[in-house]
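Have a look at entry34.txt; it's compact mmCIF, N, CA and C atoms:
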```
# COMPACT_ATOMS: atom_id res chain seq x y z
N MET A 291 46.63 11.66 -13.89
CA MET A 291 45.70 11.28 -14.95
C MET A 291 44.93 10.03 -14.55
N ARG A 292 45.65 9.04 -14.03
CA ARG A 292 45.03 7.78 -13.64
C ARG A 292 44.02 8.00 -12.50
N ARG A 293 44.36 8.90 -11.60
CA ARG A 293 43.47 9.20 -10.48
C ARG A 293 42.17 9.83 -10.97
N HIS A 294 42.26 10.75 -11.92
CA HIS A 294 41.07 11.41 -12.48
C HIS A 294 40.18 10.41 -13.21
N LEU A 295 40.81 9.50 -13.91
CA LEU A 295 40.06 8.48 -14.63
C LEU A 295 39.30 7.57 -13.65
N ARG A 296 39.98 7.20 -12.57
CA ARG A 296 39.35 6.36 -11.55
C ARG A 296 38.18 7.10 -10.89
N LEU A 297 38.35 8.38 -10.60
CA LEU A 297 37.30 9.19 -10.01
C LEU A 297 36.10 9.31 -10.96
N ALA A 298 36.37 9.53 -12.24
CA ALA A 298 35.30 9.62 -13.22
C ALA A 298 34.54 8.30 -13.35
N LEU A 299 35.27 7.19 -13.32
CA LEU A 299 34.64 5.88 -13.41
C LEU A 299 33.76 5.61 -12.19
N CYS A 300 34.25 5.93 -11.00
CA CYS A 300 33.46 5.73 -9.78
C CYS A 300 32.21 6.60 -9.80
N THR A 301 32.34 7.82 -10.26
CA THR A 301 31.19 8.71 -10.35
C THR A 301 30.16 8.17 -11.34
N ALA A 302 30.62 7.70 -12.47
CA ALA A 302 29.71 7.15 -13.48
C ALA A 302 28.99 5.91 -12.95
N LEU A 303 29.70 5.04 -12.24
CA LEU A 303 29.07 3.85 -11.67
C LEU A 303 28.04 4.22 -10.61
N ALA A 304 28.36 5.21 -9.80
CA ALA A 304 27.41 5.65 -8.77
C ALA A 304 26.15 6.22 -9.41
N LEU A 305 26.30 7.01 -10.46
CA LEU A 305 25.15 7.56 -11.15
C LEU A 305 24.30 6.47 -11.81
N CYS A 306 24.96 5.46 -12.36
CA CYS A 306 24.24 4.34 -12.94
C CYS A 306 23.45 3.58 -11.88
N ALA A 307 24.07 3.38 -10.73
CA ALA A 307 23.39 2.67 -9.64
C ALA A 307 22.17 3.44 -9.17
N VAL A 308 22.29 4.76 -9.06
CA VAL A 308 21.16 5.60 -8.65
C VAL A 308 20.06 5.53 -9.70
N GLY A 309 20.44 5.60 -10.96
CA GLY A 309 19.45 5.53 -12.04
C GLY A 309 18.74 4.19 -12.07
N LEU A 310 19.49 3.10 -11.89
CA LEU A 310 18.86 1.77 -11.86
C LEU A 310 17.94 1.62 -10.67
N ALA A 311 18.34 2.12 -9.53
CA ALA A 311 17.49 2.03 -8.34
C ALA A 311 16.21 2.82 -8.55
N ALA A 312 16.32 4.00 -9.14
CA ALA A 312 15.14 4.82 -9.39
C ALA A 312 14.21 4.16 -10.40
N ALA A 313 14.78 3.44 -11.35
CA ALA A 313 13.97 2.76 -12.36
C ALA A 313 13.47 1.41 -11.89
N GLY A 314 13.93 0.96 -10.73
CA GLY A 314 13.49 -0.32 -10.21
C GLY A 314 14.20 -1.51 -10.83
N LEU A 315 15.37 -1.29 -11.41
CA LEU A 315 16.08 -2.36 -12.11
C LEU A 315 17.28 -2.90 -11.34
N SER A 316 17.42 -2.50 -10.09
CA SER A 316 18.62 -2.88 -9.35
C SER A 316 18.56 -4.27 -8.76
N GLY A 317 17.43 -4.94 -8.85
CA GLY A 317 17.31 -6.28 -8.30
C GLY A 317 16.68 -6.28 -6.92
N SER A 318 16.72 -5.16 -6.23
CA SER A 318 16.05 -5.08 -4.93
C SER A 318 14.66 -4.51 -5.14
N LYS A 319 13.77 -4.80 -4.20
CA LYS A 319 12.40 -4.33 -4.34
C LYS A 319 12.33 -2.84 -4.04
N PRO A 320 11.70 -2.05 -4.90
CA PRO A 320 11.57 -0.63 -4.64
C PRO A 320 10.53 -0.40 -3.54
N ALA A 321 10.60 0.72 -2.88
CA ALA A 321 9.68 1.03 -1.79
C ALA A 321 8.46 1.76 -2.32
N VAL A 322 7.79 1.20 -3.33
CA VAL A 322 6.57 1.76 -3.89
C VAL A 322 5.51 0.69 -3.94
N GLN A 323 4.29 1.10 -4.20
CA GLN A 323 3.19 0.16 -4.27
C GLN A 323 3.34 -0.75 -5.50
N PRO A 324 2.68 -1.92 -5.49
CA PRO A 324 2.76 -2.83 -6.61
C PRO A 324 2.27 -2.18 -7.90
N ALA A 325 2.71 -2.73 -9.03
CA ALA A 325 2.38 -2.17 -10.34
C ALA A 325 0.89 -2.19 -10.61
N ALA A 326 0.13 -3.03 -9.94
CA ALA A 326 -1.31 -3.10 -10.17
C ALA A 326 -1.98 -1.76 -9.89
N PHE A 327 -1.47 -1.01 -8.94
CA PHE A 327 -2.06 0.29 -8.64
C PHE A 327 -1.70 1.31 -9.71
N THR A 328 -0.48 1.28 -10.19
CA THR A 328 -0.10 2.25 -11.20
C THR A 328 -0.74 1.93 -12.54
N ALA A 329 -1.05 0.67 -12.79
CA ALA A 329 -1.69 0.29 -14.05
C ALA A 329 -3.12 0.82 -14.12
N THR A 330 -3.76 1.05 -12.99
CA THR A 330 -5.13 1.55 -12.98
C THR A 330 -5.19 3.07 -12.97
N GLY A 331 -4.02 3.72 -13.06
CA GLY A 331 -4.01 5.17 -13.09
C GLY A 331 -3.72 5.79 -11.73
N ARG A 332 -3.68 5.00 -10.68
CA ARG A 332 -3.41 5.53 -9.35
C ARG A 332 -1.90 5.71 -9.20
N GLU A 333 -1.51 6.82 -8.61
CA GLU A 333 -0.08 7.03 -8.39
C GLU A 333 0.43 6.09 -7.33
N ALA A 334 1.62 5.62 -7.51
CA ALA A 334 2.25 4.76 -6.51
C ALA A 334 2.61 5.59 -5.29
N ALA A 335 2.68 4.93 -4.14
CA ALA A 335 3.07 5.61 -2.91
C ALA A 335 4.49 6.12 -3.06
N PRO A 336 4.78 7.25 -2.47
CA PRO A 336 6.14 7.77 -2.58
C PRO A 336 7.15 6.84 -1.91
N ALA A 337 8.37 6.87 -2.40
CA ALA A 337 9.42 6.02 -1.83
C ALA A 337 9.59 6.38 -0.37
N GLY A 338 9.74 5.35 0.45
CA GLY A 338 9.92 5.56 1.88
C GLY A 338 8.63 5.83 2.63
N ALA A 339 7.49 5.58 1.99
CA ALA A 339 6.21 5.81 2.65
C ALA A 339 6.09 4.89 3.87
N VAL A 340 5.53 5.43 4.93
CA VAL A 340 5.36 4.65 6.15
C VAL A 340 3.90 4.30 6.32
N PRO A 341 3.59 3.20 7.01
CA PRO A 341 2.20 2.84 7.24
C PRO A 341 1.46 3.93 8.01
N LEU A 342 0.17 4.01 7.78
CA LEU A 342 -0.65 5.00 8.47
C LEU A 342 -0.77 4.65 9.95
N PRO A 343 -0.86 5.65 10.82
CA PRO A 343 -1.02 5.36 12.25
C PRO A 343 -2.39 4.77 12.55
N HIS A 344 -2.53 4.22 13.75
CA HIS A 344 -3.78 3.57 14.16
C HIS A 344 -4.96 4.53 14.07
N GLY A 345 -6.12 3.96 13.69
CA GLY A 345 -7.35 4.73 13.66
C GLY A 345 -7.49 5.65 12.48
N THR A 346 -6.72 5.45 11.43
CA THR A 346 -6.76 6.40 10.32
C THR A 346 -7.38 5.84 9.05
N ILE A 347 -7.78 4.59 9.02
CA ILE A 347 -8.36 4.04 7.80
C ILE A 347 -9.87 4.03 7.95
N ASP A 348 -10.51 4.88 7.15
CA ASP A 348 -11.97 4.95 7.19
C ASP A 348 -12.52 3.85 6.29
N ILE A 349 -13.05 2.85 6.91
CA ILE A 349 -13.51 1.66 6.20
C ILE A 349 -14.72 1.97 5.31
N ASN A 350 -15.44 3.06 5.60
CA ASN A 350 -16.64 3.39 4.84
C ASN A 350 -16.39 4.31 3.65
N SER A 351 -15.24 4.94 3.60
CA SER A 351 -14.96 5.81 2.46
C SER A 351 -13.59 5.56 1.85
N GLY A 352 -12.80 4.68 2.46
CA GLY A 352 -11.46 4.42 1.94
C GLY A 352 -11.49 3.75 0.58
N ASP A 353 -10.54 4.12 -0.26
CA ASP A 353 -10.44 3.48 -1.57
C ASP A 353 -9.59 2.22 -1.46
N LEU A 354 -9.43 1.54 -2.56
CA LEU A 354 -8.70 0.27 -2.57
C LEU A 354 -7.28 0.44 -2.05
N TYR A 355 -6.62 1.51 -2.43
CA TYR A 355 -5.26 1.77 -1.99
C TYR A 355 -5.20 1.88 -0.47
N GLU A 356 -6.12 2.63 0.12
CA GLU A 356 -6.14 2.81 1.57
C GLU A 356 -6.47 1.51 2.29
N LEU A 357 -7.43 0.75 1.77
CA LEU A 357 -7.82 -0.48 2.43
C LEU A 357 -6.70 -1.51 2.43
N THR A 358 -5.86 -1.50 1.41
CA THR A 358 -4.76 -2.47 1.39
C THR A 358 -3.64 -2.10 2.36
N GLU A 359 -3.75 -0.96 3.03
CA GLU A 359 -2.82 -0.61 4.10
C GLU A 359 -3.10 -1.44 5.35
N LEU A 360 -4.29 -2.03 5.44
CA LEU A 360 -4.63 -2.86 6.59
C LEU A 360 -3.85 -4.18 6.52
N PRO A 361 -3.39 -4.68 7.66
CA PRO A 361 -2.66 -5.96 7.65
C PRO A 361 -3.52 -7.09 7.11
N ARG A 362 -2.94 -7.93 6.27
CA ARG A 362 -3.58 -9.11 5.69
C ARG A 362 -4.73 -8.77 4.75
N VAL A 363 -4.80 -7.52 4.29
CA VAL A 363 -5.82 -7.12 3.32
C VAL A 363 -5.11 -6.75 2.03
N GLY A 364 -5.34 -7.56 1.01
CA GLY A 364 -4.79 -7.29 -0.30
C GLY A 364 -5.85 -6.71 -1.21
N GLU A 365 -5.59 -6.73 -2.49
CA GLU A 365 -6.53 -6.15 -3.45
C GLU A 365 -7.86 -6.89 -3.47
N VAL A 366 -7.83 -8.22 -3.34
CA VAL A 366 -9.07 -9.01 -3.42
C VAL A 366 -9.98 -8.71 -2.24
N ILE A 367 -9.43 -8.75 -1.03
CA ILE A 367 -10.26 -8.48 0.16
C ILE A 367 -10.64 -7.00 0.20
N GLY A 368 -9.73 -6.12 -0.20
CA GLY A 368 -10.06 -4.70 -0.25
C GLY A 368 -11.24 -4.43 -1.18
N GLN A 369 -11.24 -5.08 -2.34
CA GLN A 369 -12.36 -4.91 -3.26
C GLN A 369 -13.63 -5.52 -2.70
N ALA A 370 -13.50 -6.62 -1.96
CA ALA A 370 -14.67 -7.25 -1.33
C ALA A 370 -15.28 -6.31 -0.28
N ILE A 371 -14.44 -5.57 0.45
CA ILE A 371 -14.95 -4.59 1.42
C ILE A 371 -15.73 -3.51 0.69
N ILE A 372 -15.17 -3.00 -0.40
CA ILE A 372 -15.85 -1.95 -1.18
C ILE A 372 -17.17 -2.48 -1.73
N ASP A 373 -17.16 -3.68 -2.31
CA ASP A 373 -18.38 -4.26 -2.87
C ASP A 373 -19.45 -4.45 -1.80
N ASN A 374 -19.03 -4.90 -0.61
CA ASN A 374 -19.97 -5.14 0.48
C ASN A 374 -20.61 -3.84 0.94
N ARG A 375 -19.82 -2.79 1.11
CA ARG A 375 -20.40 -1.53 1.60
C ARG A 375 -21.28 -0.88 0.54
N GLU A 376 -20.96 -1.11 -0.75
CA GLU A 376 -21.83 -0.57 -1.80
C GLU A 376 -23.16 -1.32 -1.86
N ALA A 377 -23.12 -2.61 -1.58
CA ALA A 377 -24.33 -3.43 -1.65
C ALA A 377 -25.21 -3.28 -0.41
N TYR A 378 -24.59 -3.17 0.78
CA TYR A 378 -25.35 -3.21 2.03
C TYR A 378 -25.26 -1.95 2.87
N GLY A 379 -24.55 -0.96 2.41
CA GLY A 379 -24.43 0.28 3.17
C GLY A 379 -23.18 0.30 4.04
N PRO A 380 -23.04 1.38 4.80
CA PRO A 380 -21.82 1.55 5.60
C PRO A 380 -21.71 0.54 6.75
N PHE A 381 -20.48 0.30 7.16
CA PHE A 381 -20.21 -0.55 8.31
C PHE A 381 -20.41 0.29 9.57
N ARG A 382 -21.14 -0.23 10.54
CA ARG A 382 -21.38 0.51 11.78
C ARG A 382 -20.47 0.04 12.90
N TYR A 383 -20.08 -1.21 12.87
CA TYR A 383 -19.23 -1.80 13.90
C TYR A 383 -18.12 -2.60 13.22
N PRO A 384 -16.98 -2.74 13.87
CA PRO A 384 -15.91 -3.55 13.28
C PRO A 384 -16.38 -4.97 12.96
N GLU A 385 -17.25 -5.53 13.79
CA GLU A 385 -17.72 -6.90 13.57
C GLU A 385 -18.53 -7.04 12.29
N ASP A 386 -19.04 -5.94 11.74
CA ASP A 386 -19.75 -5.99 10.47
C ASP A 386 -18.85 -6.49 9.35
N LEU A 387 -17.55 -6.30 9.51
CA LEU A 387 -16.60 -6.75 8.48
C LEU A 387 -16.51 -8.27 8.40
N LEU A 388 -17.01 -8.97 9.41
CA LEU A 388 -16.98 -10.43 9.37
C LEU A 388 -17.88 -10.98 8.26
N SER A 389 -18.79 -10.14 7.76
CA SER A 389 -19.66 -10.57 6.66
C SER A 389 -18.95 -10.50 5.30
N VAL A 390 -17.76 -9.91 5.28
CA VAL A 390 -16.98 -9.79 4.04
C VAL A 390 -16.20 -11.08 3.83
N ARG A 391 -16.35 -11.65 2.65
CA ARG A 391 -15.63 -12.89 2.33
C ARG A 391 -14.13 -12.67 2.43
N GLY A 392 -13.46 -13.52 3.20
CA GLY A 392 -12.02 -13.42 3.37
C GLY A 392 -11.60 -12.78 4.68
N ILE A 393 -12.56 -12.22 5.42
CA ILE A 393 -12.23 -11.63 6.72
C ILE A 393 -12.86 -12.48 7.81
N GLY A 394 -11.99 -13.04 8.63
CA GLY A 394 -12.42 -13.81 9.78
C GLY A 394 -12.05 -13.07 11.05
N GLU A 395 -12.33 -13.70 12.17
CA GLU A 395 -12.06 -13.05 13.46
C GLU A 395 -10.58 -12.72 13.63
N LYS A 396 -9.70 -13.62 13.22
CA LYS A 396 -8.26 -13.40 13.39
C LYS A 396 -7.80 -12.22 12.53
N THR A 397 -8.28 -12.14 11.31
CA THR A 397 -7.91 -11.03 10.42
C THR A 397 -8.43 -9.72 10.99
N LEU A 398 -9.69 -9.72 11.45
CA LEU A 398 -10.28 -8.51 12.01
C LEU A 398 -9.49 -8.04 13.23
N GLU A 399 -9.09 -8.94 14.09
CA GLU A 399 -8.33 -8.56 15.28
C GLU A 399 -6.99 -7.93 14.90
N GLY A 400 -6.45 -8.31 13.75
CA GLY A 400 -5.17 -7.76 13.31
C GLY A 400 -5.23 -6.30 12.92
N PHE A 401 -6.42 -5.80 12.55
CA PHE A 401 -6.50 -4.39 12.15
C PHE A 401 -7.63 -3.62 12.82
N ARG A 402 -8.28 -4.20 13.80
CA ARG A 402 -9.41 -3.53 14.47
C ARG A 402 -9.03 -2.14 14.98
N ASP A 403 -7.85 -2.00 15.58
CA ASP A 403 -7.45 -0.71 16.15
C ASP A 403 -7.02 0.31 15.10
N MET A 404 -7.01 -0.07 13.84
CA MET A 404 -6.65 0.84 12.76
C MET A 404 -7.89 1.43 12.08
N LEU A 405 -9.07 0.96 12.46
CA LEU A 405 -10.29 1.35 11.76
C LEU A 405 -10.86 2.66 12.28
N ASP A 406 -11.40 3.42 11.36
CA ASP A 406 -12.14 4.64 11.69
C ASP A 406 -13.53 4.45 11.09
N LEU A 407 -14.54 4.35 11.94
CA LEU A 407 -15.91 4.13 11.47
C LEU A 407 -16.76 5.39 11.63
N SER A 408 -16.13 6.54 11.76
CA SER A 408 -16.87 7.77 12.04
C SER A 408 -17.71 8.24 10.87
N ALA A 409 -17.27 8.04 9.65
CA ALA A 409 -18.02 8.52 8.47
C ALA A 409 -19.09 7.51 8.11
N PRO A 410 -20.35 7.93 8.06
CA PRO A 410 -21.43 7.00 7.71
C PRO A 410 -21.42 6.64 6.25
```
Spit out the file's structure as C-alpha cells when you get a sec.
Amino acid sequence: MRRHLRLALCTALALCAVGLAAAGLSGSKPAVQPAAFTATGREAAPAGAVPLPHGTIDINSGDLYELTELPRVGEVIGQAIIDNREAYGPFRYPEDLLSVRGIGEKTLEGFRDMLDLSAP
C-alpha cells in the first residue's frame, strides 16, 4: 500500500512539473519567443526552435519576427529596418543597412552572412 501511494505521489509531482513547464511557471525561461510577439497576435516560435541557417533572412520581405532572428537585432532595430525599407525602397547591398538607426559596421558584420537580398 505504501509503495503504491509513493508511486502515485511521484506521478502526480511529475505531471505537475510538466504542466508548470508547459505554462511557463517553473521558474526557468521557456524556449519560446518573448510575450511581445504573442501580444500582437503572432504565434510564438515552437519550443526547441533553432536559429535559421545562414543566408535565409530576406531583409527586404522579412517580418519583425524574422528580422529579430539576426544577432543583435531586437524589436526596435527590426522595426527600424522595416520602416527604412518602406520609406526608401528595398536594400540592394548589405551596406545599405548602415543607414538604419542602430546598425553600425560591427552589428552588420555580425549578421552579413545571414542576409538574403535576392527579393527586390
TODO: Extract, using all atoms listed in the file, all DNA, RNA and protein residues at most 8 Å from A:Phe401, discarding same-chain residues fewer than 3 positions from it, and format them as an MDAnalysis selection string.
DONE: chainID A and resid 345 360:362 396:398 404:405
Open item on the list: Let me make sure I understand: among A:Ile347, A:Val363, A:Ile371, A:Leu357, which one has the smallest atom-to-atom distance to A:Asp403 if we use only C-alpha atoms?
Closed with: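 That would be A:Ile347, the residue with the smallest distance to A:Asp403.
Distance check against A:Glu385 using only C-alpha atoms: of A:Ile349, A:Arg402, A:Tyr355, A:Gln369, the minimum falls on A:Arg402.
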Open item on the list: Need the shell around A:Arg391: protein/DNA/RNA residues with any atom at most 12 Å away, counting only C-alpha atoms. Skip same-chain ones fewer than 2 positions apart. Format as a PyMOL selection string?
Closed with: chain A and resi 363+366-374+386-389+393-395+397-398
Task: Point-to-point distance in Å for atom CA of A:Gly392 and atom CA of A:Asp348 - done: 18.8 Å
- [ ] Work out how far atom CA of A:Pro384 is from atom CA of A:Leu407, in Å to one decimal.
- [x] 7.9 Å
Task: Closest of A:Thr346, A:Gly400, A:Ser408, A:Leu354 to A:Arg382 - atom-to-atom distances counting all atoms listed in the file - done: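 Of the candidates, the smallest distance to A:Arg382 is held by A:Ser408.
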Task: Interatomic distance, atom C of A:Gly352 to atom N of A:Tyr378 (Å, one decimal) - done: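 Distance reported for this atom pair: 14.8 Å.
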Task: All residues 8 Å or closer to A:Asn350, only N, CA and C atoms, same chain fewer than 5 positions away omitted, as an MDAnalysis selection string - done: chainID A and resid 372 375 379:381 406:410
